[in-house]
Each structure stands twice: as C-alpha cells, then as structure tokens.
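Colleague: Coordinates in model-v1.cif, mmCIF, C-alpha atoms and all ligand atoms, are listed below.
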```
data_protein
#
loop_
_atom_site.label_atom_id
_atom_site.label_comp_id
_atom_site.auth_asym_id
_atom_site.auth_seq_id
_atom_site.Cartn_x
_atom_site.Cartn_y
_atom_site.Cartn_z
CA MET N 3 25.37 301.42 57.64
CA LYS N 4 27.64 304.40 57.80
CA ASP N 5 26.30 307.09 60.08
CA GLU N 6 27.40 309.73 57.65
CA LYS N 7 25.22 312.01 55.65
CA ILE N 8 25.36 311.72 51.87
CA LYS N 9 25.04 314.35 49.19
CA LEU N 10 23.14 313.81 45.94
CA LEU N 11 23.31 316.78 43.60
CA ASP N 12 22.19 319.80 45.66
CA LYS N 13 20.62 317.89 48.55
CA THR N 14 21.92 316.27 51.72
CA PHE N 15 20.39 313.09 53.10
CA LYS N 16 20.87 311.42 56.47
CA PRO N 17 20.68 307.70 57.39
CA TYR N 18 17.10 306.57 57.96
CA ILE N 19 16.30 302.86 57.47
CA ARG N 20 19.03 300.26 57.75
CA HIS N 21 19.38 297.55 55.13
CA GLN N 22 18.59 294.88 57.71
CA ARG N 23 15.30 296.55 58.61
CA ILE N 24 14.35 296.64 54.94
CA MET N 25 15.16 292.92 54.71
CA ASP N 26 13.02 292.21 57.79
CA ALA N 27 10.11 294.12 56.29
CA ILE N 28 10.43 292.17 53.03
CA ASP N 29 10.52 288.90 55.03
CA GLY N 30 7.21 289.93 56.62
CA VAL N 31 5.55 290.83 53.33
CA ALA N 32 6.77 287.61 51.71
CA ARG N 33 5.34 285.54 54.59
CA GLU N 34 1.92 287.13 54.08
CA ILE N 35 1.97 286.62 50.31
CA ASN N 36 3.17 283.01 50.63
CA ALA N 37 0.34 282.30 53.09
CA ASP N 38 -2.25 283.77 50.71
CA PHE N 39 -0.95 282.02 47.58
CA HIS N 40 0.10 278.70 49.11
CA GLY N 41 -1.03 275.78 46.93
CA CYS N 42 -2.43 278.06 44.21
CA GLN N 43 -3.41 276.32 40.97
CA ASP N 44 -2.68 279.30 38.71
CA ILE N 45 0.62 281.04 38.07
CA PRO N 46 0.29 284.53 39.55
CA VAL N 47 2.14 287.44 37.99
CA ILE N 48 4.62 289.48 40.04
CA LEU N 49 4.57 292.90 38.39
CA CYS N 50 7.65 295.02 39.04
CA VAL N 51 7.07 298.74 38.55
CA LEU N 52 10.29 300.02 37.00
CA ASN N 53 12.72 301.44 37.95
CA GLY N 54 12.33 302.10 41.66
CA SER N 55 10.96 298.68 42.56
CA ILE N 56 13.77 296.61 41.05
CA PRO N 57 15.70 295.99 44.33
CA PHE N 58 12.50 295.36 46.30
CA THR N 59 10.98 293.02 43.72
CA GLY N 60 14.30 291.17 43.41
CA GLU N 61 14.46 290.54 47.15
CA LEU N 62 10.78 289.66 47.40
CA LEU N 63 10.94 287.23 44.50
CA GLN N 64 13.68 285.21 46.20
CA ARG N 65 11.37 284.67 49.16
CA LEU N 66 8.23 283.58 47.28
CA ASP N 67 7.68 279.82 47.38
CA PHE N 68 4.88 279.29 44.85
CA PRO N 69 5.18 279.19 41.04
CA CYS N 70 5.02 282.75 39.74
CA GLN N 71 6.00 284.77 36.71
CA LEU N 72 7.95 288.02 36.85
CA ILE N 73 6.97 290.75 34.46
CA SER N 74 7.56 294.46 34.58
CA ILE N 75 6.04 297.73 33.52
CA LYS N 76 7.36 301.22 33.13
CA LEU N 77 5.04 304.10 33.80
CA SER N 78 5.17 307.77 33.73
CA SER N 79 2.34 309.52 35.43
CA TYR N 80 1.22 313.08 35.29
CA GLN N 81 -1.77 315.05 36.37
CA GLY N 82 -4.05 315.85 33.44
CA THR N 83 -4.86 319.44 32.81
CA GLN N 84 -8.55 318.71 33.19
CA SER N 85 -10.05 317.32 36.34
CA THR N 86 -9.84 313.78 34.97
CA GLY N 87 -7.20 312.88 37.54
CA THR N 88 -4.05 310.94 36.88
CA VAL N 89 -3.16 309.94 33.38
CA LEU N 90 -0.88 306.97 33.01
CA ASN N 91 1.47 306.50 30.13
CA VAL N 92 2.24 302.83 29.91
CA MET N 93 5.64 302.42 28.35
CA GLY N 94 5.62 298.67 28.40
CA LEU N 95 3.95 295.73 30.04
CA THR N 96 6.40 292.97 29.19
CA SER N 97 3.76 290.25 28.95
CA SER N 98 -0.03 289.97 28.86
CA VAL N 99 -1.86 289.73 32.18
CA ARG N 100 -5.27 288.81 30.69
CA GLY N 101 -7.12 286.44 33.01
CA ARG N 102 -4.18 286.33 35.45
CA ARG N 103 -3.87 287.19 39.13
CA VAL N 104 -1.40 290.04 39.52
CA ILE N 105 0.60 291.29 42.50
CA ILE N 106 1.91 294.79 41.81
CA CYS N 107 5.28 295.44 43.49
CA GLU N 108 5.79 299.11 44.19
CA ASP N 109 8.71 300.73 45.98
CA ILE N 110 6.68 303.40 47.75
CA VAL N 111 3.09 304.60 47.87
CA ASP N 112 2.74 308.27 48.52
CA THR N 113 -0.54 309.84 47.31
CA GLY N 114 -1.42 306.50 45.73
CA ASN N 115 -2.21 308.17 42.39
CA THR N 116 0.13 305.86 40.50
CA ILE N 117 -0.82 302.59 42.12
CA VAL N 118 -4.58 303.17 42.04
CA ALA N 119 -4.53 304.19 38.38
CA LEU N 120 -2.31 301.19 37.57
CA LYS N 121 -4.65 298.76 39.33
CA GLU N 122 -7.64 300.20 37.48
CA MET N 123 -5.83 299.97 34.16
CA LEU N 124 -4.74 296.36 34.70
CA ILE N 125 -8.33 295.31 35.38
CA ASP N 126 -10.23 297.51 32.93
CA LYS N 127 -7.83 297.65 29.98
CA GLU N 128 -5.51 294.68 30.37
CA GLY N 129 -8.14 292.20 31.59
CA ALA N 130 -6.35 290.97 34.74
CA ALA N 131 -8.54 288.60 36.80
CA GLU N 132 -7.42 290.05 40.14
CA VAL N 133 -4.93 292.72 41.19
CA ARG N 134 -3.31 292.98 44.60
CA ILE N 135 -1.00 295.76 45.71
CA CYS N 136 2.26 295.16 47.49
CA THR N 137 4.42 298.09 48.50
CA MET N 138 7.73 298.15 50.33
CA LEU N 139 6.92 301.53 51.91
CA LEU N 140 3.79 303.54 52.58
CA LYS N 141 3.31 307.12 53.70
CA PRO N 142 -0.02 306.71 55.52
CA ASP N 143 -0.36 310.43 56.23
CA VAL N 144 -0.39 311.15 52.50
CA TYR N 145 -2.23 308.14 51.08
CA ASP N 146 -5.85 309.19 50.71
CA LYS N 147 -7.38 306.60 48.37
CA PRO N 148 -10.13 304.14 49.31
CA VAL N 149 -8.26 301.31 47.57
CA LYS N 150 -6.89 298.64 49.91
CA LEU N 151 -3.14 298.14 49.99
CA ASP N 152 -2.84 294.38 50.42
CA TYR N 153 0.77 294.07 51.56
CA VAL N 154 2.79 296.87 53.19
CA GLY N 155 6.42 296.47 54.29
CA LEU N 156 6.95 299.57 56.40
CA GLU N 157 4.98 302.71 57.14
CA ILE N 158 6.98 305.92 57.19
CA PRO N 159 6.17 309.58 57.91
CA ASN N 160 5.81 312.04 55.08
CA ALA N 161 9.43 312.72 54.20
CA PHE N 162 11.47 312.44 51.01
CA ILE N 163 13.69 309.39 50.97
CA VAL N 164 16.26 307.82 48.67
CA GLY N 165 18.12 304.53 48.43
CA PHE N 166 17.24 300.88 47.84
CA GLY N 167 15.70 301.71 44.46
CA LEU N 168 14.39 305.16 45.31
CA ASP N 169 16.02 308.05 43.53
CA TYR N 170 16.59 311.74 43.62
CA ASN N 171 16.78 312.81 39.99
CA GLU N 172 17.83 309.24 39.06
CA LEU N 173 20.60 309.15 41.66
CA GLY N 174 20.71 307.06 44.82
CA ARG N 175 18.93 303.93 43.56
CA ASN N 176 22.07 301.85 44.19
CA ILE N 177 22.41 302.74 47.88
CA ARG N 178 21.84 299.74 50.18
CA ASP N 179 20.16 301.68 52.98
CA ILE N 180 17.42 304.26 52.88
CA TYR N 181 18.27 307.90 53.57
CA VAL N 182 15.99 310.83 54.32
CA LEU N 183 16.30 314.42 53.20
CA ASP N 184 18.19 316.37 55.84
CA GLU N 185 16.21 319.54 56.16
CA GLN N 186 16.89 322.33 58.59
CA PRO N 187 13.84 322.62 60.83
CA MET N 188 11.58 325.53 59.95
CA LYS N 189 11.73 328.45 62.37
CA TYR N 190 8.55 329.73 63.95
CA TYR N 191 8.99 333.12 65.64
CA ILE N 192 6.17 334.92 67.38
CA LEU N 193 6.38 338.69 67.28
CA PHE N 194 4.73 339.65 70.51
CA GLY N 195 3.75 342.85 72.27
CA PRO N 196 0.93 345.19 73.19
CA PRO N 197 -0.90 347.18 70.52
CA GLY N 198 1.26 350.02 69.29
CA ALA N 199 4.55 348.35 70.25
CA GLY N 200 5.73 348.43 66.64
CA LYS N 201 5.25 344.81 65.57
CA GLY N 202 4.15 345.81 62.07
CA THR N 203 6.92 348.43 61.91
CA HIS N 204 9.77 346.00 62.66
CA ALA N 205 8.39 342.81 61.09
CA GLY N 206 9.66 343.65 57.59
CA ALA N 207 13.29 344.06 58.66
CA LEU N 208 13.23 340.83 60.66
CA ALA N 209 11.56 338.87 57.88
CA GLN N 210 14.05 340.12 55.32
CA LYS N 211 17.16 339.52 57.41
CA TYR N 212 16.19 335.98 58.44
CA ASN N 213 14.33 334.93 55.26
CA LEU N 214 11.07 334.55 57.15
CA LYS N 215 7.54 334.93 55.87
CA HIS N 216 5.79 337.60 57.91
CA ILE N 217 2.29 336.36 58.69
CA SER N 218 -0.09 338.95 59.96
CA THR N 219 -3.42 337.29 60.69
CA GLY N 220 -5.27 340.48 59.77
CA GLU N 221 -3.58 340.56 56.37
CA LEU N 222 -4.19 336.85 55.84
CA LEU N 223 -7.90 337.31 56.50
CA ARG N 224 -8.09 340.16 54.02
CA ALA N 225 -6.23 338.07 51.42
CA GLU N 226 -8.56 335.07 51.89
CA ILE N 227 -11.59 337.31 51.55
CA ALA N 228 -10.16 338.98 48.44
CA ALA N 229 -9.37 335.58 46.89
CA GLY N 230 -12.92 334.41 47.62
CA THR N 231 -11.78 331.13 49.23
CA GLU N 232 -14.18 329.01 51.32
CA LEU N 233 -12.41 330.21 54.45
CA GLY N 234 -12.56 333.82 53.25
CA LYS N 235 -16.30 333.52 52.64
CA GLN N 236 -16.86 332.16 56.16
CA ALA N 237 -14.75 334.93 57.64
CA LYS N 238 -16.53 337.61 55.63
CA THR N 239 -19.95 336.40 56.76
CA LEU N 240 -18.83 336.64 60.37
CA ILE N 241 -17.14 340.01 59.98
CA ASP N 242 -20.15 341.43 58.10
CA ALA N 243 -22.39 340.23 60.92
CA GLY N 244 -20.18 342.06 63.40
CA SER N 245 -18.91 338.83 64.97
CA LEU N 246 -15.36 337.84 65.83
CA VAL N 247 -13.67 335.35 63.56
CA PRO N 248 -13.30 332.19 65.70
CA ASP N 249 -9.92 330.72 66.62
CA SER N 250 -10.52 327.72 64.34
CA VAL N 251 -10.80 329.95 61.26
CA VAL N 252 -7.64 331.91 62.06
CA GLU N 253 -5.81 328.67 62.78
CA GLY N 254 -7.04 327.15 59.50
CA MET N 255 -5.53 330.09 57.64
CA ILE N 256 -2.24 329.77 59.46
CA GLU N 257 -2.00 326.06 58.71
CA THR N 258 -2.71 326.74 55.05
CA ALA N 259 0.06 329.34 55.05
CA PHE N 260 2.50 326.86 56.66
CA ASP N 261 1.56 324.26 54.03
CA THR N 262 1.72 326.43 50.97
CA ILE N 263 4.45 329.01 51.50
CA LYS N 264 7.76 327.64 50.26
CA GLY N 265 11.28 328.96 49.88
CA VAL N 266 11.57 330.57 53.32
CA ASP N 267 13.52 329.51 56.41
CA GLY N 268 10.56 330.08 58.67
CA PHE N 269 7.64 332.24 59.72
CA LEU N 270 7.21 335.39 61.76
CA LEU N 271 3.77 335.35 63.34
CA ASP N 272 2.27 338.73 64.09
CA GLY N 273 -1.09 338.99 65.84
CA PHE N 274 -1.21 335.27 66.63
CA PRO N 275 -1.44 333.69 69.13
CA ARG N 276 -3.53 336.25 70.99
CA ASN N 277 -4.59 334.11 73.91
CA LEU N 278 -3.61 330.93 75.75
CA ALA N 279 -6.09 328.77 73.82
CA GLN N 280 -4.54 329.87 70.53
CA ALA N 281 -1.04 329.25 71.91
CA ALA N 282 -2.01 325.70 72.85
CA ASP N 283 -3.55 325.19 69.38
CA LEU N 284 -0.41 326.52 67.73
CA ASP N 285 1.65 323.98 69.68
CA LYS N 286 -0.64 321.22 68.39
CA ILE N 287 -0.49 322.46 64.80
CA LEU N 288 3.31 322.50 64.95
CA GLU N 289 3.54 319.18 66.76
CA LYS N 290 1.62 317.53 63.90
CA ARG N 291 4.37 318.81 61.61
CA GLY N 292 7.11 317.57 63.93
CA GLU N 293 8.02 321.18 64.72
CA SER N 294 7.66 323.73 67.53
CA VAL N 295 7.76 327.44 68.32
CA THR N 296 11.37 328.64 68.00
CA ALA N 297 11.14 331.79 70.11
CA VAL N 298 8.87 334.63 71.12
CA VAL N 299 10.24 338.08 70.39
CA GLY N 300 8.52 340.50 72.73
CA LEU N 301 8.43 344.25 72.07
CA MET N 302 7.63 345.99 75.35
CA ILE N 303 6.13 349.41 75.99
CA ASP N 304 4.19 350.74 78.96
CA ASP N 305 0.49 351.54 78.99
CA GLU N 306 0.99 355.28 78.66
CA THR N 307 3.08 354.79 75.50
CA ILE N 308 0.42 352.41 74.10
CA ARG N 309 -2.14 355.15 74.67
CA GLN N 310 -0.05 357.82 72.94
CA ARG N 311 0.98 355.64 69.99
CA ILE N 312 -2.52 354.34 69.23
CA LYS N 313 -3.93 357.81 69.44
CA GLY N 314 -1.19 359.19 67.24
CA ARG N 315 -1.68 356.40 64.71
CA ALA N 316 -5.44 356.90 64.73
CA ILE N 317 -5.04 360.56 63.93
CA ILE N 318 -2.55 359.85 61.12
CA GLU N 319 -4.79 357.13 59.65
CA GLY N 320 -7.90 359.22 60.18
CA ARG N 321 -9.59 356.56 62.33
CA ALA N 322 -11.42 358.69 64.84
CA ASP N 323 -12.91 355.63 66.57
CA ASP N 324 -9.47 354.38 67.60
CA ALA N 325 -8.69 357.76 69.06
CA SER N 326 -11.39 357.48 71.68
CA ASP N 327 -10.07 356.94 75.19
CA GLU N 328 -12.60 354.23 75.80
CA THR N 329 -11.58 352.14 72.79
CA VAL N 330 -7.90 352.46 73.61
CA SER N 331 -8.52 351.51 77.25
CA ASN N 332 -10.48 348.49 76.07
CA ARG N 333 -7.66 347.32 73.85
CA ILE N 334 -5.17 347.74 76.67
CA ARG N 335 -7.43 345.81 79.03
CA THR N 336 -7.86 342.99 76.50
CA TYR N 337 -4.10 342.85 76.01
CA HIS N 338 -3.43 342.57 79.75
CA SER N 339 -6.16 340.03 80.42
CA GLN N 340 -5.97 337.84 77.27
CA THR N 341 -2.60 338.25 75.63
CA GLU N 342 -0.14 339.06 78.40
CA PRO N 343 -0.53 335.62 80.06
CA LEU N 344 1.32 334.25 77.03
CA ILE N 345 4.52 335.68 78.51
CA GLY N 346 4.33 333.21 81.40
CA TYR N 347 3.34 330.40 79.02
CA TYR N 348 6.38 330.87 76.79
CA LYS N 349 8.74 331.68 79.68
CA ALA N 350 7.87 328.32 81.19
CA ALA N 351 8.88 326.74 77.86
CA GLY N 352 12.16 328.72 77.89
CA LYS N 353 11.17 330.47 74.67
CA TYR N 354 10.44 334.03 75.71
CA TRP N 355 12.73 336.99 75.02
CA ASP N 356 11.90 340.67 75.01
CA VAL N 357 13.30 344.11 74.44
CA ASP N 358 12.20 347.52 75.68
CA VAL N 359 11.08 349.70 72.78
CA ASP N 360 9.41 352.36 74.88
CA ALA N 361 11.90 355.11 74.16
CA GLY N 362 14.11 355.70 71.14
CA THR N 363 13.49 356.32 67.47
CA ILE N 364 12.12 353.67 65.13
CA GLU N 365 15.66 353.05 63.79
CA GLU N 366 17.14 352.72 67.27
CA ASN N 367 14.41 350.30 68.28
CA ARG N 368 14.86 348.30 65.07
CA GLU N 369 18.54 347.87 65.96
CA ARG N 370 17.50 346.68 69.43
CA VAL N 371 15.05 344.14 67.97
CA LEU N 372 17.65 342.87 65.48
CA ALA N 373 20.22 342.60 68.29
CA LEU N 374 17.72 340.53 70.30
CA MET N 375 17.23 338.17 67.34
CA GLU N 376 21.00 337.71 67.12
CA LYS N 377 21.02 336.80 70.80
CA ILE N 378 18.19 334.28 70.35
CA GLY N 379 20.04 332.73 67.41
P1 LIG X 401 2.22 308.32 44.34
O1 LIG X 401 1.60 308.13 42.99
O2 LIG X 401 1.80 307.26 45.35
O3 LIG X 401 2.02 309.71 44.90
O4 LIG X 401 3.78 308.25 44.16
C1 LIG X 401 4.43 307.08 43.91
C2 LIG X 401 5.78 307.32 43.28
O5 LIG X 401 6.32 308.58 43.68
C3 LIG X 401 6.77 306.29 43.76
O6 LIG X 401 6.73 305.16 42.95
C4 LIG X 401 8.07 307.02 43.66
O7 LIG X 401 8.56 306.95 42.36
C5 LIG X 401 7.70 308.46 43.93
N1 LIG X 401 7.92 308.80 45.36
C6 LIG X 401 6.99 309.04 46.31
N2 LIG X 401 7.56 309.33 47.48
C7 LIG X 401 8.92 309.28 47.29
C8 LIG X 401 10.06 309.48 48.14
O8 LIG X 401 10.00 309.78 49.36
N3 LIG X 401 11.28 309.33 47.56
C9 LIG X 401 11.43 309.03 46.25
N4 LIG X 401 12.68 308.92 45.79
N5 LIG X 401 10.39 308.83 45.42
C10 LIG X 401 9.14 308.95 45.93
#
```
If you took the structure in this file and wrote it as structure tokens, what would it be?
Modeller:
Amino acid sequence: MKDEKIKLLDKTFKPYIRHQRIMDAIDGVAREINADFHGCQDIPVILCVLNGSIPFTGELLQRLDFPCQLISIKLSSYQGTQSTGTVLNVMGLTSSVRGRRVIICEDIVDTGNTIVALKEMLIDKEGAAEVRICTMLLKPDVYDKPVKLDYVGLEIPNAFIVGFGLDYNELGRNIRDIYVLDEQPMKYYILFGPPGAGKGTHAGALAQKYNLKHISTGELLRAEIAAGTELGKQAKTLIDAGSLVPDSVVEGMIETAFDTIKGVDGFLLDGFPRNLAQAADLDKILEKRGESVTAVVGLMIDDETIRQRIKGRAIIEGRADDASDETVSNRIRTYHSQTEPLIGYYKAAGKYWDVDVDAGTIEENRERVLALMEKIG
C-alpha cells in the first residue's frame, strides 16, 4: 500500500486498511460461514448487494466450500417523507429466493437502515426461508438496530471510507486498499475571562476570522427554550423555579451543537466551562469524538475593572440589580473560587494563553486578542 494520500473529486483520503487486512477479515468471515453451512442439504443463496459489495462478495465466494448460488440485487434507499422509515426501491433481484436460505453480502453497515429493510423485504415479500447478514465492515457506534448481524469482517469507527468497492460519488471502488477521509481536526477554543472582560465583545471578530461557531451557553439556552425542545423545556422549568441549570443540561446542549453545526472549522466556547467539573466533562465529550481542547484564550482584567465594567454595563442595559455592589462582589467571588482554577487546569495541559485587556480601547484590545490567536496558531 502506498502511504500517500489520494484525491477523489474535492476530497482527500488517507491510507486506512491495507488490502492484506481486508483479506484476513474475509478469511475469518468465510471460516464462520463454512462452519455454519458445512454439510448443508440445501443450496443457500449468496446475495451480493450491488455495487459496493462486488469485490467483497467475489473474495468471499472463492472461500466458501459448500454448494451455493450467487445472485445479486441493486437497491436504492431513501428516507420516506412520512415517519414510515426507510423505503427500499428494489431494482432487481436476479433470481427468486422463495423458500431459500439467503446470506446477504454487504460492503458496510452504517445505520443499518438498508440491511434491516432488505432482510425484512426478503422474508416478507420475497418469501426467503431464512436470511443471514454478512458485512465486510461495521460501524458499531452508528448501528442502532436490534437485528443481529451474523457475520462481521471488521469493526471500524464512524468515519467515511472509500476503496475495495466503497465509493465517493461512484469513484474509488477500484482501489485495492481502504482509505479514510482526511479531515482537519476541528478546533475547540475556550474564550476565558472574568465577567466584564469583553468575551462577548471580541467573540464575533474571532469567530469570523477563524471560521468558528461562537457558542455562548446563555444564548444556546435561550434558543433551546425558544425552539421548545425537550432540553429547552427542562431548562425552562428549572429557570422558572429559580434553580440553576445543571451541568448535564448545559453539556447536552453543547454536544448537540457540536453534532449539528456544520461548515465551520471549529467552535469558540464562551461561558463554558465555568468550573473544573465542566472542564473535565468537556474533555470527556471531546475524547468521545477523538478530539480535544485546542487552546484557552484568556482575557484578563483586574477586580476593580470588573467592578467598573459590570456597573457601567448594568446602567447602559438598565439592569439595576447588576449595579448593586453586593451582586457584583458575588460574581467576582464566584469567578475567583469556581472559574479561575481552570487557569491551572489548562496550564498543566499546555493549553492556556492570555492577554491583558485591562486598559485600552475596544479596538486596541481586539487587536491584542487577534494577535494572541495568531501566536497560538
Ligand atoms: P446504512 O443503511 O447501514 O446506513 O448504510 C449502508 C450503505 O451506506 C452502504 O452500503 C454504503 O453504500 C453506504 N455507506 C455507509 N458508510 C459508508 C462509508 O464510510 N463509505 C462509503 N463509501 N459508503 C458508505
């Protein structure tokens, strides 16, 4: 296998599974099938799902040592507009399977929508006596169906692959090895600092320059509530009752944002994590995705400036409660006791950077923050 990356249309793929490892996996699957069908009195059907499974079925067939018949089927699947689930368009079953035992040969099982619907159709509509599922590859993190997969060659993480029958827009099926999409890792920046440091003020410029999605947990909560989602309803109940929204709810929202927001190079977290427990949870959330915090961008001001800025902001926004000395002191205390320890946490991980934004105009400070980002890279 060449160690080089390949390009198919607009995407780059890097080497992933060597041809020999695919062959070894097919050897294993064939051994299991041969053991199960040894001495069978019927002639089981090997059903090749076109086009992706052609190389796999071809290799498997050469290893099967009982009398069997090869037939194939071409499917196109799509999600129905109603909640009826997957609709299968059968474009050809090359021979009848009525009363026969069938082994479906699939290249890859992802959600399992295709394979489960195909199995159901072969039994209910085509009258197969028994249907077993054999797949060269399985993405166990995505497969969520209760249907048993009888024979699995290799399990792989949830990534987009091509080669050995698998295509990207019909290209790549003829490649001997399997390649995986070469994606730049997502960036996860944490915009950090005491209240009034200007996180909200500078987030927009950073997000725009680096193609990041600015995620303010406060804004996310308001959006979930406005959209009436399950999470939003839970949050609203708590907020209406005067309680704090628990870490798990905030983290649920952040994970949803990571899952659903596309087309950006990364995220700029603002207002999260707020304490060490949340920082540890964030690490776990990112670890599950095979990713990690890129850097913490700290905006530093001293307590007196916090006091002045919050008071000033409260007057401008007409929030008299925020202007009270007691409230401001409370927020400063909470920052020092709960949030500030994060500096040590991220310094230990070699991910903490900060800039002094105590003096200077908004524009001057923005330049400083952008210069810091350049330094972080
Ligand atoms: P499922 O119905 O299990 O979600 O998807 C099965 C079909 O999706 C496969 O037969 C294959 O055509 C396509 N598929 C799923 N994952 C991949 C992948 O990583 N690469 C390619 N090329 N096709 C995939």
Colleague: Determine, using only C-alpha atoms, which residues of region 230-346 of chain N have any atom at most 9 Å from an atom of region 211-224 of chain N, and tabulate each with its shortest atom pair and distance in Å to one decimal place, rows ordered by chain and then rising number, as JSON lines.
Modeller:
```
{"residue": "N:Leu233", "atom": "CA", "partner": "N:Leu223", "partner_atom": "CA", "distance": 8.7}
{"residue": "N:Gly234", "atom": "CA", "partner": "N:Leu223", "partner_atom": "CA", "distance": 6.7}
{"residue": "N:Ala237", "atom": "CA", "partner": "N:Leu223", "partner_atom": "CA", "distance": 7.3}
{"residue": "N:Lys238", "atom": "CA", "partner": "N:Leu223", "partner_atom": "CA", "distance": 8.7}
{"residue": "N:Val252", "atom": "CA", "partner": "N:Thr219", "partner_atom": "CA", "distance": 7.0}
{"residue": "N:Met255", "atom": "CA", "partner": "N:Leu222", "partner_atom": "CA", "distance": 7.1}
{"residue": "N:Ile256", "atom": "CA", "partner": "N:Thr219", "partner_atom": "CA", "distance": 7.7}
{"residue": "N:Ala259", "atom": "CA", "partner": "N:Ile217", "partner_atom": "CA", "distance": 8.2}
{"residue": "N:Ile263", "atom": "CA", "partner": "N:Lys215", "partner_atom": "CA", "distance": 8.0}
{"residue": "N:Gly265", "atom": "CA", "partner": "N:Asn213", "partner_atom": "CA", "distance": 8.6}
{"residue": "N:Val266", "atom": "CA", "partner": "N:Asn213", "partner_atom": "CA", "distance": 5.5}
{"residue": "N:Asp267", "atom": "CA", "partner": "N:Asn213", "partner_atom": "CA", "distance": 5.6}
{"residue": "N:Gly268", "atom": "CA", "partner": "N:Leu214", "partner_atom": "CA", "distance": 4.7}
{"residue": "N:Phe269", "atom": "CA", "partner": "N:Lys215", "partner_atom": "CA", "distance": 4.7}
{"residue": "N:Leu270", "atom": "CA", "partner": "N:His216", "partner_atom": "CA", "distance": 4.7}
{"residue": "N:Leu271", "atom": "CA", "partner": "N:Ile217", "partner_atom": "CA", "distance": 5.0}
{"residue": "N:Asp272", "atom": "CA", "partner": "N:Ser218", "partner_atom": "CA", "distance": 4.8}
{"residue": "N:Gly273", "atom": "CA", "partner": "N:Thr219", "partner_atom": "CA", "distance": 5.9}
{"residue": "N:Phe274", "atom": "CA", "partner": "N:Thr219", "partner_atom": "CA", "distance": 6.7}
```
Colleague: Find the residue from N:Gln22, N:Ser97, N:Asn171, N:Thr296 that sits nearest to ligand LIG 401 (chain X); use only C-alpha atoms and all ligand atoms when measuring.
Modeller: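 Closest candidate: N:Asn171.
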Colleague: Kindly compile the residues surrounding ligand LIG 401 (chain X) within 7 Å, counting only C-alpha atoms and all ligand atoms, and format them as an MDAnalysis selection string.
Modeller: chainID N and resid 54 108:117 161:164 168:170
Colleague: Name all residues at most 8 Å from Arg333 (chain N) (count only C-alpha atoms; drop same-chain ones fewer than 4 positions away) and give them as a PyMOL selection string.
Modeller: chain N and resi 197+329+337
Colleague: Would you list the contacts of Glu34 (chain N) as a short mmCIF file (atom, residue, chain, number, x, y, z; two decimals) with C-alpha atoms, in the coordinates of the input, taking every protein, DNA or RNA residue within 12 Å and counting all atoms listed in the file, but skipping same-chain residues closer than 3 positions in sequence?
Modeller:
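Heads up, here's the output in around_16.cif:
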```
data_model
loop_
_atom_site.label_atom_id
_atom_site.label_comp_id
_atom_site.auth_asym_id
_atom_site.auth_seq_id
_atom_site.Cartn_x
_atom_site.Cartn_y
_atom_site.Cartn_z
CA ALA N 27 10.11 294.12 56.29
CA ILE N 28 10.43 292.17 53.03
CA ASP N 29 10.52 288.90 55.03
CA GLY N 30 7.21 289.93 56.62
CA VAL N 31 5.55 290.83 53.33
CA ALA N 37 0.34 282.30 53.09
CA ASP N 38 -2.25 283.77 50.71
CA PHE N 39 -0.95 282.02 47.58
CA HIS N 40 0.10 278.70 49.11
CA LEU N 62 10.78 289.66 47.40
CA ARG N 65 11.37 284.67 49.16
CA LEU N 66 8.23 283.58 47.28
CA ASP N 67 7.68 279.82 47.38
CA CYS N 136 2.26 295.16 47.49
CA ASP N 152 -2.84 294.38 50.42
CA TYR N 153 0.77 294.07 51.56
CA VAL N 154 2.79 296.87 53.19
CA GLY N 155 6.42 296.47 54.29
#
```
Colleague: Missing atoms in region 104-115 of chain N should be modelled up to N, CA, C and O atoms and reported as a short mmCIF file (atom, residue, chain, number, x, y, z; two decimals), in the frame of the given file.
Modeller:
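The resulting rebuild16.cif:
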```cif
data_model
loop_
_atom_site.label_atom_id
_atom_site.label_comp_id
_atom_site.auth_asym_id
_atom_site.auth_seq_id
_atom_site.Cartn_x
_atom_site.Cartn_y
_atom_site.Cartn_z
N VAL N 104 -2.60 289.20 39.56
CA VAL N 104 -1.40 290.04 39.52
C VAL N 104 -1.11 290.61 40.92
O VAL N 104 -2.02 291.05 41.62
N ILE N 105 0.17 290.57 41.29
CA ILE N 105 0.60 291.29 42.50
C ILE N 105 1.52 292.41 42.03
O ILE N 105 2.62 292.15 41.51
N ILE N 106 1.06 293.65 42.20
CA ILE N 106 1.91 294.79 41.81
C ILE N 106 2.95 295.00 42.91
O ILE N 106 2.60 295.05 44.09
N CYS N 107 4.21 295.14 42.52
CA CYS N 107 5.28 295.44 43.49
C CYS N 107 5.74 296.86 43.30
O CYS N 107 6.34 297.21 42.28
N GLU N 108 5.46 297.69 44.27
CA GLU N 108 5.79 299.11 44.19
C GLU N 108 6.84 299.42 45.26
O GLU N 108 6.85 298.79 46.33
N ASP N 109 7.72 300.36 44.98
CA ASP N 109 8.71 300.73 45.98
C ASP N 109 8.08 301.52 47.12
O ASP N 109 8.27 301.25 48.29
N ILE N 110 7.26 302.53 46.72
CA ILE N 110 6.68 303.40 47.75
C ILE N 110 5.33 303.92 47.28
O ILE N 110 5.17 304.24 46.10
N VAL N 111 4.38 303.97 48.18
CA VAL N 111 3.09 304.60 47.87
C VAL N 111 3.00 305.88 48.69
O VAL N 111 3.13 305.86 49.90
N ASP N 112 2.78 306.94 47.94
CA ASP N 112 2.74 308.27 48.52
C ASP N 112 1.27 308.73 48.47
O ASP N 112 0.47 308.31 49.29
N THR N 113 0.88 309.48 47.45
CA THR N 113 -0.54 309.84 47.31
C THR N 113 -1.37 308.64 46.88
O THR N 113 -2.58 308.61 47.07
N GLY N 114 -0.71 307.67 46.24
CA GLY N 114 -1.42 306.50 45.73
C GLY N 114 -1.95 306.72 44.32
O GLY N 114 -2.57 305.82 43.74
N ASN N 115 -1.71 307.90 43.74
CA ASN N 115 -2.21 308.17 42.39
C ASN N 115 -1.74 307.11 41.41
O ASN N 115 -2.51 306.57 40.62
#
```
